[in-house]
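**Student:** This is coords-v5.tsv (TSV, C-alpha atoms).
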chain	number	residue	atom	x	y	z
A	1	MET	CA	22.58	-59.12	7.73
A	2	SER	CA	20.97	-61.33	10.37
A	3	LEU	CA	23.16	-64.44	10.09
A	4	ILE	CA	23.44	-66.51	13.25
A	5	THR	CA	26.49	-68.71	13.71
A	6	SER	CA	26.72	-69.12	17.51
A	7	ASN	CA	24.72	-71.22	19.96
A	8	HIS	CA	24.13	-68.29	22.32
A	9	GLU	CA	22.64	-66.08	19.59
A	10	LEU	CA	20.48	-68.93	18.35
A	11	ALA	CA	19.11	-69.80	21.78
A	12	GLU	CA	18.26	-66.16	22.48
A	13	ALA	CA	16.53	-65.71	19.13
A	14	CYS	CA	14.46	-68.87	19.58
A	15	ARG	CA	13.38	-67.67	23.03
A	16	ARG	CA	12.12	-64.45	21.46
A	17	PHE	CA	10.33	-66.33	18.69
A	18	ALA	CA	8.52	-68.51	21.23
A	19	ASP	CA	6.66	-65.41	22.50
A	20	HIS	CA	4.82	-64.95	19.19
A	21	PRO	CA	1.62	-66.64	17.96
A	22	PHE	CA	3.28	-67.62	14.67
A	23	ILE	CA	6.65	-67.80	12.96
A	24	THR	CA	7.57	-68.35	9.32
A	25	VAL	CA	10.15	-70.97	8.42
A	26	ASP	CA	12.17	-72.07	5.39
A	27	THR	CA	15.35	-74.04	4.71
A	28	GLU	CA	18.14	-74.14	2.17
A	29	PHE	CA	19.62	-77.56	1.53
A	30	LEU	CA	21.47	-79.75	-0.95
A	31	ARG	CA	20.66	-83.28	-2.05
A	32	GLU	CA	22.05	-83.55	-5.56
A	33	THR	CA	24.72	-86.04	-4.50
A	34	THR	CA	23.09	-87.60	-1.44
A	35	PHE	CA	19.97	-89.57	-0.55
A	36	TRP	CA	19.40	-87.64	2.67
A	37	PRO	CA	19.12	-83.84	2.28
A	38	GLN	CA	22.01	-81.84	3.73
A	39	LEU	CA	20.68	-78.88	5.73
A	40	CYS	CA	22.70	-75.71	5.08
A	41	VAL	CA	20.59	-72.77	6.31
A	42	VAL	CA	17.43	-72.38	8.41
A	43	GLN	CA	15.46	-69.15	8.08
A	44	ILE	CA	12.95	-68.06	10.73
A	45	ALA	CA	10.92	-64.89	11.11
A	46	SER	CA	8.48	-63.55	13.67
A	47	PRO	CA	6.40	-60.39	13.20
A	48	ASP	CA	9.34	-58.50	14.75
A	49	GLU	CA	12.52	-59.95	13.24
A	50	ALA	CA	14.02	-62.39	10.77
A	51	ILE	CA	17.18	-64.50	10.98
A	52	ALA	CA	19.17	-66.98	8.93
A	53	VAL	CA	20.89	-69.76	10.89
A	54	ASP	CA	24.09	-71.20	9.48
A	55	ALA	CA	23.39	-74.90	10.03
A	56	LEU	CA	26.94	-75.76	8.92
A	57	SER	CA	28.63	-73.40	11.38
A	58	GLU	CA	31.19	-75.32	13.45
A	59	GLY	CA	29.72	-76.54	16.73
A	60	ILE	CA	26.23	-75.18	16.03
A	61	ASP	CA	23.51	-76.85	18.10
A	62	LEU	CA	20.10	-76.72	16.43
A	63	SER	CA	18.24	-77.95	19.52
A	64	PRO	CA	16.58	-74.54	20.14
A	65	VAL	CA	15.23	-74.60	16.60
A	66	PHE	CA	13.81	-78.08	17.08
A	67	ALA	CA	12.28	-77.08	20.43
A	68	LEU	CA	10.60	-74.16	18.67
A	69	MET	CA	9.28	-76.50	15.99
A	70	ALA	CA	7.74	-78.66	18.73
A	71	ASN	CA	6.21	-75.71	20.62
A	72	THR	CA	2.45	-76.17	20.19
A	73	ALA	CA	1.75	-72.55	21.24
A	74	VAL	CA	3.42	-71.23	18.07
A	75	VAL	CA	2.04	-71.81	14.56
A	76	LYS	CA	4.79	-72.74	12.12
A	77	VAL	CA	4.18	-71.28	8.65
A	78	PHE	CA	5.89	-72.84	5.62
A	79	HIS	CA	5.42	-72.60	1.88
A	80	ALA	CA	5.36	-76.07	0.27
A	81	ALA	CA	6.35	-77.57	3.58
A	82	ARG	CA	6.99	-81.19	2.73
A	83	GLN	CA	10.73	-81.05	1.96
A	84	ASP	CA	11.42	-78.73	4.89
A	85	ILE	CA	9.55	-81.06	7.25
A	86	GLU	CA	11.41	-84.06	5.84
A	87	ILE	CA	14.71	-82.42	6.80
A	88	ILE	CA	13.53	-81.65	10.34
A	89	TRP	CA	12.16	-85.18	10.72
A	90	ASN	CA	15.43	-86.75	9.57
A	91	LEU	CA	17.50	-84.63	11.97
A	92	ALA	CA	15.29	-84.53	15.05
A	93	ARG	CA	12.54	-87.11	14.57
A	94	LEU	CA	9.87	-84.46	15.11
A	95	ILE	CA	7.33	-82.73	12.91
A	96	PRO	CA	6.53	-79.02	13.33
A	97	ALA	CA	3.06	-78.47	14.80
A	98	PRO	CA	0.74	-76.70	14.56
A	99	LEU	CA	1.44	-76.21	10.87
A	100	PHE	CA	0.18	-73.83	8.18
A	101	ASP	CA	1.26	-74.40	4.57
A	102	THR	CA	0.69	-71.30	2.45
A	103	GLN	CA	0.87	-73.24	-0.82
A	104	VAL	CA	-2.03	-75.45	0.28
A	105	ALA	CA	-3.93	-72.45	1.65
A	106	ALA	CA	-3.42	-70.60	-1.63
A	107	MET	CA	-5.00	-73.52	-3.51
A	108	VAL	CA	-8.09	-73.23	-1.31
A	109	CYS	CA	-8.16	-69.47	-1.91
A	110	GLY	CA	-8.18	-69.79	-5.71
A	111	PHE	CA	-4.52	-69.13	-6.57
A	112	GLY	CA	-4.28	-72.24	-8.73
A	113	GLU	CA	-2.38	-75.47	-8.26
A	114	GLN	CA	0.96	-75.48	-6.43
A	115	ILE	CA	1.67	-71.79	-6.85
A	116	ALA	CA	5.35	-70.90	-6.41
A	117	TYR	CA	6.43	-68.70	-3.53
A	118	GLY	CA	7.69	-65.95	-5.85
A	119	GLU	CA	4.36	-65.80	-7.66
A	120	LEU	CA	2.50	-65.57	-4.35
A	121	VAL	CA	4.79	-62.74	-3.17
A	122	GLN	CA	4.13	-60.90	-6.42
A	123	SER	CA	0.37	-61.41	-6.16
A	124	VAL	CA	-0.08	-60.64	-2.46
A	125	CYS	CA	2.83	-58.32	-1.61
A	126	LYS	CA	3.31	-56.72	-5.05
A	127	VAL	CA	7.05	-57.41	-4.85
A	128	THR	CA	9.27	-59.17	-7.40
A	129	LEU	CA	11.84	-61.34	-5.66
A	130	ASP	CA	15.47	-61.46	-6.75
A	131	LYS	CA	15.99	-65.15	-7.58
A	132	SER	CA	19.64	-64.90	-8.61
A	133	SER	CA	20.82	-66.82	-5.52
A	134	ARG	CA	18.27	-69.60	-5.82
A	135	PHE	CA	20.59	-72.20	-7.33
A	136	THR	CA	23.80	-71.25	-5.59
A	137	ASP	CA	25.83	-73.76	-3.59
A	138	TRP	CA	24.45	-73.34	-0.08
A	139	SER	CA	27.16	-75.55	1.42
A	140	ARG	CA	30.02	-73.22	0.49
A	141	ARG	CA	31.30	-70.82	3.14
A	142	PRO	CA	31.29	-67.95	3.68
A	143	LEU	CA	27.74	-67.23	2.58
A	144	SER	CA	27.47	-64.08	0.50
A	145	GLU	CA	25.36	-61.10	1.47
A	146	ALA	CA	23.15	-61.80	-1.58
A	147	GLN	CA	22.56	-65.37	-0.40
A	148	ILE	CA	21.64	-64.27	3.11
A	149	ASN	CA	19.28	-61.59	1.83
A	150	TYR	CA	17.65	-64.09	-0.52
A	151	ALA	CA	17.24	-66.63	2.28
A	152	ILE	CA	15.70	-64.12	4.69
A	153	ALA	CA	13.33	-62.80	2.02
A	154	ASP	CA	11.85	-66.30	1.88
A	155	VAL	CA	10.45	-65.83	5.37
A	156	THR	CA	9.85	-62.09	5.64
A	157	TYR	CA	7.21	-61.86	2.90
A	158	LEU	CA	5.77	-65.14	4.10
A	159	ARG	CA	4.49	-63.29	7.18
A	160	ASP	CA	2.23	-61.03	5.11
A	161	ILE	CA	1.13	-63.93	2.93
A	162	TYR	CA	0.15	-65.96	5.99
A	163	LEU	CA	-1.88	-63.13	7.48
A	164	TYR	CA	-3.59	-62.44	4.15
A	165	LEU	CA	-4.48	-66.09	3.47
A	166	ARG	CA	-5.59	-66.79	7.02
A	167	LYS	CA	-7.91	-63.76	6.99
A	168	LYS	CA	-9.36	-64.85	3.66
A	169	LEU	CA	-9.92	-68.41	4.87
A	170	GLU	CA	-11.60	-67.20	8.04
A	171	SER	CA	-13.86	-64.79	6.17
A	172	THR	CA	-15.01	-67.53	3.79
A	173	GLY	CA	-15.38	-70.19	6.47
A	174	ARG	CA	-12.74	-72.36	4.79
A	175	LEU	CA	-10.05	-72.50	7.46
A	176	SER	CA	-11.17	-76.00	8.46
A	177	TRP	CA	-10.73	-77.13	4.84
A	178	LEU	CA	-6.99	-77.25	5.48
A	179	ASP	CA	-7.34	-79.71	8.34
A	180	ASP	CA	-7.01	-82.89	6.26
A	181	GLU	CA	-4.00	-81.56	4.35
A	182	MET	CA	-2.21	-80.41	7.49
A	183	ALA	CA	-2.95	-83.76	9.14
A	184	ALA	CA	-1.37	-85.53	6.18
A	185	LEU	CA	1.69	-83.26	6.24
A	186	THR	CA	2.20	-83.85	9.96
A	187	SER	CA	1.95	-87.64	9.76
A	188	ALA	CA	5.28	-89.30	10.51
A	189	ASP	CA	4.41	-92.05	8.05
A	190	VAL	CA	4.83	-89.55	5.21
A	191	TYR	CA	8.50	-88.99	6.07
A	192	GLU	CA	9.54	-92.49	7.05
A	193	GLN	CA	11.56	-94.03	4.23
A	194	HIS	CA	10.13	-97.53	3.81
A	195	PRO	CA	11.98	-99.53	1.11
A	196	GLU	CA	9.00	-101.86	0.73
A	197	ARG	CA	6.90	-98.91	-0.43
A	198	ALA	CA	9.41	-97.64	-2.98
A	199	TRP	CA	7.51	-99.39	-5.80
A	200	GLU	CA	4.79	-96.74	-5.48
A	201	ARG	CA	7.05	-94.41	-7.47
A	202	PHE	CA	6.44	-96.74	-10.42
A	203	ARG	CA	2.64	-96.86	-10.36
A	204	GLY	CA	1.39	-97.47	-13.88
A	205	ARG	CA	4.74	-98.61	-15.32
A	206	ALA	CA	4.21	-102.36	-14.96
A	207	ARG	CA	2.19	-104.04	-17.72
A	208	ARG	CA	1.77	-107.47	-16.15
A	209	PRO	CA	1.39	-108.76	-12.58
A	210	ARG	CA	4.72	-110.60	-12.91
A	211	ASP	CA	6.46	-107.37	-13.93
A	212	LEU	CA	4.93	-105.57	-10.97
A	213	ALA	CA	6.03	-108.28	-8.54
A	214	VAL	CA	9.64	-108.09	-9.74
A	215	LEU	CA	9.57	-104.29	-9.84
A	216	MET	CA	8.40	-104.19	-6.21
A	217	GLU	CA	11.40	-106.24	-5.10
A	218	LEU	CA	13.85	-104.30	-7.26
A	219	ALA	CA	12.57	-100.94	-6.03
A	220	ALA	CA	12.86	-102.08	-2.40
A	221	TRP	CA	16.44	-103.25	-2.98
A	222	ARG	CA	17.44	-99.97	-4.66
A	223	GLU	CA	15.83	-97.88	-1.91
A	224	ALA	CA	17.69	-99.73	0.83
A	225	GLU	CA	20.96	-99.54	-1.13
A	226	ALA	CA	20.60	-95.79	-1.75
A	227	GLN	CA	19.85	-95.11	1.91
A	228	ALA	CA	22.77	-97.22	3.10
A	229	ARG	CA	25.21	-95.53	0.72
A	230	ASP	CA	23.58	-92.07	1.09
A	231	VAL	CA	23.44	-91.54	-2.66
A	232	PRO	CA	20.53	-90.57	-4.94
A	233	ARG	CA	18.44	-93.48	-6.20
A	234	GLY	CA	19.60	-92.86	-9.76
A	235	ARG	CA	23.22	-93.34	-8.69
A	236	VAL	CA	22.38	-96.93	-7.78
A	237	LEU	CA	20.22	-97.66	-10.85
A	238	LYS	CA	18.05	-95.39	-12.96
A	239	ASP	CA	14.28	-95.84	-13.03
A	240	ASP	CA	14.19	-96.99	-16.65
A	241	VAL	CA	16.76	-99.68	-15.93
A	242	LEU	CA	14.65	-101.07	-13.08
A	243	VAL	CA	11.62	-101.20	-15.36
A	244	GLU	CA	13.63	-102.98	-18.07
A	245	ILE	CA	14.95	-105.55	-15.60
A	246	ALA	CA	11.43	-106.16	-14.25
A	247	SER	CA	10.12	-106.76	-17.76
A	248	ALA	CA	12.94	-109.12	-18.77
A	249	ALA	CA	13.21	-110.90	-15.38
A	250	PRO	CA	16.75	-112.22	-16.02
A	251	LYS	CA	17.75	-115.37	-14.14
A	252	THR	CA	21.51	-115.35	-14.75
A	253	ALA	CA	24.31	-112.80	-14.72
A	254	ASP	CA	24.72	-113.19	-18.49
A	255	GLU	CA	21.05	-112.45	-19.10
A	256	LEU	CA	21.29	-109.42	-16.80
A	257	GLY	CA	24.41	-108.16	-18.56
A	258	ASN	CA	22.77	-108.50	-21.97
A	259	LEU	CA	20.08	-105.95	-21.13
A	260	ARG	CA	20.68	-102.86	-23.24
A	261	ALA	CA	20.40	-100.24	-20.48
A	262	PHE	CA	22.18	-102.21	-17.76
A	263	PRO	CA	25.62	-100.83	-16.74
A	264	ARG	CA	28.37	-102.94	-18.26
A	265	GLY	CA	30.20	-105.18	-15.80
A	266	MET	CA	27.76	-104.58	-12.96
A	267	GLU	CA	26.20	-108.01	-13.47
A	268	ARG	CA	29.31	-109.65	-11.96
A	269	SER	CA	29.36	-107.41	-8.88
A	270	ARG	CA	27.70	-107.80	-5.49
A	271	ALA	CA	24.97	-105.47	-6.71
A	272	GLY	CA	24.38	-107.76	-9.70
A	273	ALA	CA	23.89	-110.72	-7.40
A	274	ASP	CA	21.52	-108.70	-5.23
A	275	ILE	CA	19.49	-107.71	-8.29
A	276	LEU	CA	19.16	-111.31	-9.47
A	277	ALA	CA	18.06	-112.32	-5.96
A	278	ALA	CA	15.45	-109.55	-6.01
A	279	VAL	CA	14.18	-110.81	-9.38
A	280	GLN	CA	13.80	-114.30	-7.96
A	281	ARG	CA	11.89	-113.00	-4.92
A	282	GLY	CA	9.57	-111.14	-7.25
A	283	LEU	CA	8.92	-114.20	-9.41
A	284	ALA	CA	8.10	-116.18	-6.27
A	285	ARG	CA	5.43	-113.71	-5.12
A	286	ASP	CA	1.82	-114.86	-5.05
A	287	PRO	CA	0.00	-112.83	-7.75
A	288	LYS	CA	-3.07	-112.67	-5.49
A	289	THR	CA	-1.14	-110.50	-3.01
A	290	LEU	CA	-0.19	-107.87	-5.60
A	291	PRO	CA	-1.80	-104.41	-5.90
A	292	LYS	CA	-4.04	-103.89	-8.91
A	293	ILE	CA	-2.26	-102.68	-12.00
A	294	GLU	CA	-3.43	-99.14	-12.81
A	295	ARG	CA	-4.52	-99.78	-16.38
A	296	GLU	CA	-6.72	-102.66	-15.26
A	297	ARG	CA	-8.64	-100.33	-13.00
A	298	ARG	CA	-9.26	-97.79	-15.75
A	299	ASN	CA	-10.50	-100.21	-18.40
A	300	GLY	CA	-14.00	-99.38	-19.59
A	301	ASN	CA	-14.33	-96.22	-17.50
A	302	GLY	CA	-12.56	-93.70	-19.69
A	303	ALA	CA	-15.72	-91.83	-20.68
A	304	THR	CA	-16.89	-91.58	-17.08
A	305	VAL	CA	-13.52	-90.26	-15.95
A	306	GLU	CA	-13.50	-87.65	-18.72
A	307	LEU	CA	-16.97	-86.42	-17.69
A	308	LEU	CA	-15.86	-86.27	-14.06
A	309	LYS	CA	-12.90	-84.13	-15.13
A	310	VAL	CA	-15.26	-81.66	-16.81
A	311	LEU	CA	-17.45	-81.53	-13.71
A	312	LEU	CA	-14.38	-81.06	-11.51
A	313	ARG	CA	-13.24	-78.10	-13.57
A	314	GLN	CA	-16.71	-76.55	-13.39
A	315	VAL	CA	-16.85	-76.95	-9.60
A	316	SER	CA	-13.27	-75.69	-9.22
A	317	GLU	CA	-14.03	-72.51	-11.14
A	318	ALA	CA	-17.37	-71.97	-9.40
A	319	HIS	CA	-15.86	-72.20	-5.90
A	320	GLY	CA	-12.45	-70.68	-6.63
A	321	VAL	CA	-10.54	-73.74	-5.40
A	322	ALA	CA	-7.73	-75.48	-7.29
A	323	ALA	CA	-9.07	-78.64	-8.94
A	324	LYS	CA	-6.22	-80.76	-7.57
A	325	MET	CA	-7.21	-79.72	-4.07
A	326	ILE	CA	-10.70	-81.14	-4.60
A	327	ALA	CA	-9.81	-84.37	-6.40
A	328	THR	CA	-6.88	-85.95	-8.22
A	329	VAL	CA	-7.15	-87.88	-11.48
A	330	GLU	CA	-6.52	-91.03	-9.46
A	331	ASP	CA	-9.48	-90.16	-7.23
A	332	LEU	CA	-11.69	-89.80	-10.30
A	333	GLU	CA	-10.52	-93.14	-11.69
A	334	VAL	CA	-11.30	-94.87	-8.42
A	335	LEU	CA	-14.66	-93.15	-8.15
A	336	ALA	CA	-15.60	-94.21	-11.68
A	337	THR	CA	-15.45	-97.85	-10.61
A	338	ASN	CA	-16.40	-97.64	-6.94
A	339	LYS	CA	-19.00	-95.16	-5.71
A	340	SER	CA	-18.32	-96.16	-2.08
A	341	ALA	CA	-14.55	-95.74	-2.28
A	342	LYS	CA	-12.73	-94.44	0.81
A	343	ILE	CA	-11.20	-91.40	-0.87
A	344	PRO	CA	-10.97	-87.77	0.29
A	345	THR	CA	-13.26	-86.68	-2.54
A	346	LEU	CA	-16.19	-88.43	-0.86
A	347	SER	CA	-15.77	-86.92	2.58
A	348	GLY	CA	-15.97	-83.54	4.31
A	349	TRP	CA	-16.08	-80.33	2.32
A	350	ARG	CA	-14.94	-82.08	-0.87
A	351	ARG	CA	-18.03	-84.27	-0.85
A	352	GLU	CA	-20.18	-81.24	-0.17
A	353	ILE	CA	-19.00	-79.20	-3.17
A	354	PHE	CA	-18.02	-81.97	-5.61
A	355	GLY	CA	-18.44	-85.54	-4.38
A	356	GLU	CA	-22.23	-85.52	-4.29
A	357	LYS	CA	-22.44	-84.03	-7.78
A	358	ALA	CA	-19.92	-86.60	-9.04
A	359	LEU	CA	-22.08	-89.44	-7.72
A	360	GLU	CA	-25.16	-87.90	-9.33
A	361	LEU	CA	-23.28	-87.64	-12.63
A	362	ILE	CA	-22.24	-91.30	-12.49
A	363	GLU	CA	-25.79	-92.35	-11.64
A	364	GLY	CA	-27.31	-90.33	-14.47
A	365	ARG	CA	-29.00	-87.81	-12.19
A	366	LEU	CA	-26.78	-84.93	-13.34
A	367	ALA	CA	-26.02	-83.72	-16.84
A	368	LEU	CA	-23.41	-81.33	-18.18
A	369	THR	CA	-24.15	-78.76	-20.84
A	370	LEU	CA	-22.84	-75.48	-22.20
A	371	GLU	CA	-24.41	-72.12	-21.58
A	372	LYS	CA	-22.78	-69.05	-23.13
A	373	GLY	CA	-19.55	-70.96	-23.51
A	374	LYS	CA	-19.44	-72.12	-19.87
A	375	VAL	CA	-20.01	-75.63	-18.56
A	376	ILE	CA	-22.99	-75.91	-16.22
A	377	ALA	CA	-24.40	-78.91	-14.40
A	378	LEU	CA	-28.11	-79.75	-14.71
A	379	GLU	CA	-29.85	-81.83	-12.06
A	380	TRP	CA	-32.55	-84.12	-13.39
A	381	HIS	CA	-35.65	-84.72	-11.30
A	382	ASP	CA	-38.47	-87.29	-11.46
A	383	THR	CA	-41.00	-84.51	-11.95
A	384	PRO	CA	-42.43	-82.91	-15.08
A	385	GLU	CA	-40.55	-79.72	-14.33
A	386	ALA	CA	-37.53	-78.77	-16.36
A	387	ALA	CA	-34.09	-79.51	-15.02
A	388	GLU	CA	-32.51	-76.84	-12.88
A	389	PRO	CA	-28.87	-75.74	-13.15
A	390	ALA	CA	-26.88	-77.09	-10.18
A	391	GLN	CA	-25.17	-74.43	-8.14
Transcribe the structure of this file into structure tokens.

**Tutor:**
Amino acid sequence: MSLITSNHELAEACRRFADHPFITVDTEFLRETTFWPQLCVVQIASPDEAIAVDALSEGIDLSPVFALMANTAVVKVFHAARQDIEIIWNLARLIPAPLFDTQVAAMVCGFGEQIAYGELVQSVCKVTLDKSSRFTDWSRRPLSEAQINYAIADVTYLRDIYLYLRKKLESTGRLSWLDDEMAALTSADVYEQHPERAWERFRGRARRPRDLAVLMELAAWREAEAQARDVPRGRVLKDDVLVEIASAAPKTADELGNLRAFPRGMERSRAGADILAAVQRGLARDPKTLPKIERERRNGNGATVELLKVLLRQVSEAHGVAAKMIATVEDLEVLATNKSAKIPTLSGWRREIFGEKALELIEGRLALTLEKGKVIALEWHDTPEAAEPAQ
């Protein structure tokens, strides 16, 4: 077992890792009872070795790990990196760079949307992982041999997956396609917890501008409260309760307490007073300053969006790229109403393989038809010649 529990061993290992062009990284953590994730284990592998670092070992100093994460000469390889990066950001206020996310790379290489690590190991390495330790309590000590082996396996096979995906991306000229996604993952703004943006979790759940205004204030209050108390958001108030309060907009403690889903007695507490104050702030908001309600944007464009979805699937299959990587449903909804929208779908490689065709479809210069059971796109020209299938 390669479990590191001392500062000397950790510093020496990180010095060795710094001599390699890439390392693979993963973490094990808990956040079921807290707002902020509790780091329990850090796993790191180079082409030569693999270790698991006991992040809860008494007196352990993770500074060498953070220095390695900041070393721009070493590529840091993660699978589904966002939660791991969030942990590193919260502890050290740094984001690993340069970064390579194998889940994103796999989407570009035709492995489907958000493929799990175990599935990728099976597909690339022809190995079935033992997942029996996946949901164990990583905060309990001592760690078992099975837990350590499971943790280290998460970074050992990742080495082969990285080399395989990188080679495939280079051979197809698609390595640069990851640039936008890696830039987004390495933006500090992604990991900053801004209470005023917490309402974005509720996109589409407000029916009226007034409801949205109140929901924005309530979500901001809950986010700040959860952070301050270090408890999950649902421990403060569940999502459905926030939506119910926003819809009812109670003005008194009695009205708040009469809501069916609201916790009994809470209306007379400090939290109850804070909630009523948030409702009042929401009611006082200028409707002109509110974001557009999602359903308003989609009105009248349902048929266009559905056609764009068909085109997206056709392009996705033709190029072997996960559809979600090319465009999201939200992108299609925006595009259906605004052909000049500033969305990823209309820039870079996405525009090249899909965006231009999507605009042609909206403008009536592209048609979709079936040929031998497969969807094909037909470009229409202002010439007597027959339409040609779009490649």

**Student:** Taking all atoms listed in the file into account, name the residue in A:Ser46, A:Thr172, A:Ser6, A:Ser139 that is nearest to Leu68 of chain A.

**Tutor:** A:Ser46

**Student:** Enter the distance from atom CA of Val231 of chain A to atom CA of Leu30 of chain A, in Å, rounded to one decimal.

**Tutor:**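 Between atom CA of Val231 of chain A and atom CA of Leu30 of chain A the gap works out to 12.1 Å.
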
**Student:** Using atom CA of Val334 of chain A and atom CA of Glu360 of chain A as the two end points, give the distance in Å to one decimal.

**Tutor:**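 Calculated distance between atom CA of Val334 of chain A and atom CA of Glu360 of chain A is 15.5 Å.
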
**Student:** So, with all atoms listed in the file as the atoms that count, which of A:Arg210, A:Ser133, A:Thr369, A:Pro142 lies closest to Arg285 of chain A?

**Tutor:** A:Arg210

**Student:** When you draw a straight line from atom CA of Val74 of chain A to atom CA of Ala18 of chain A, how long is it in Å?

**Tutor:** 6.6 Å
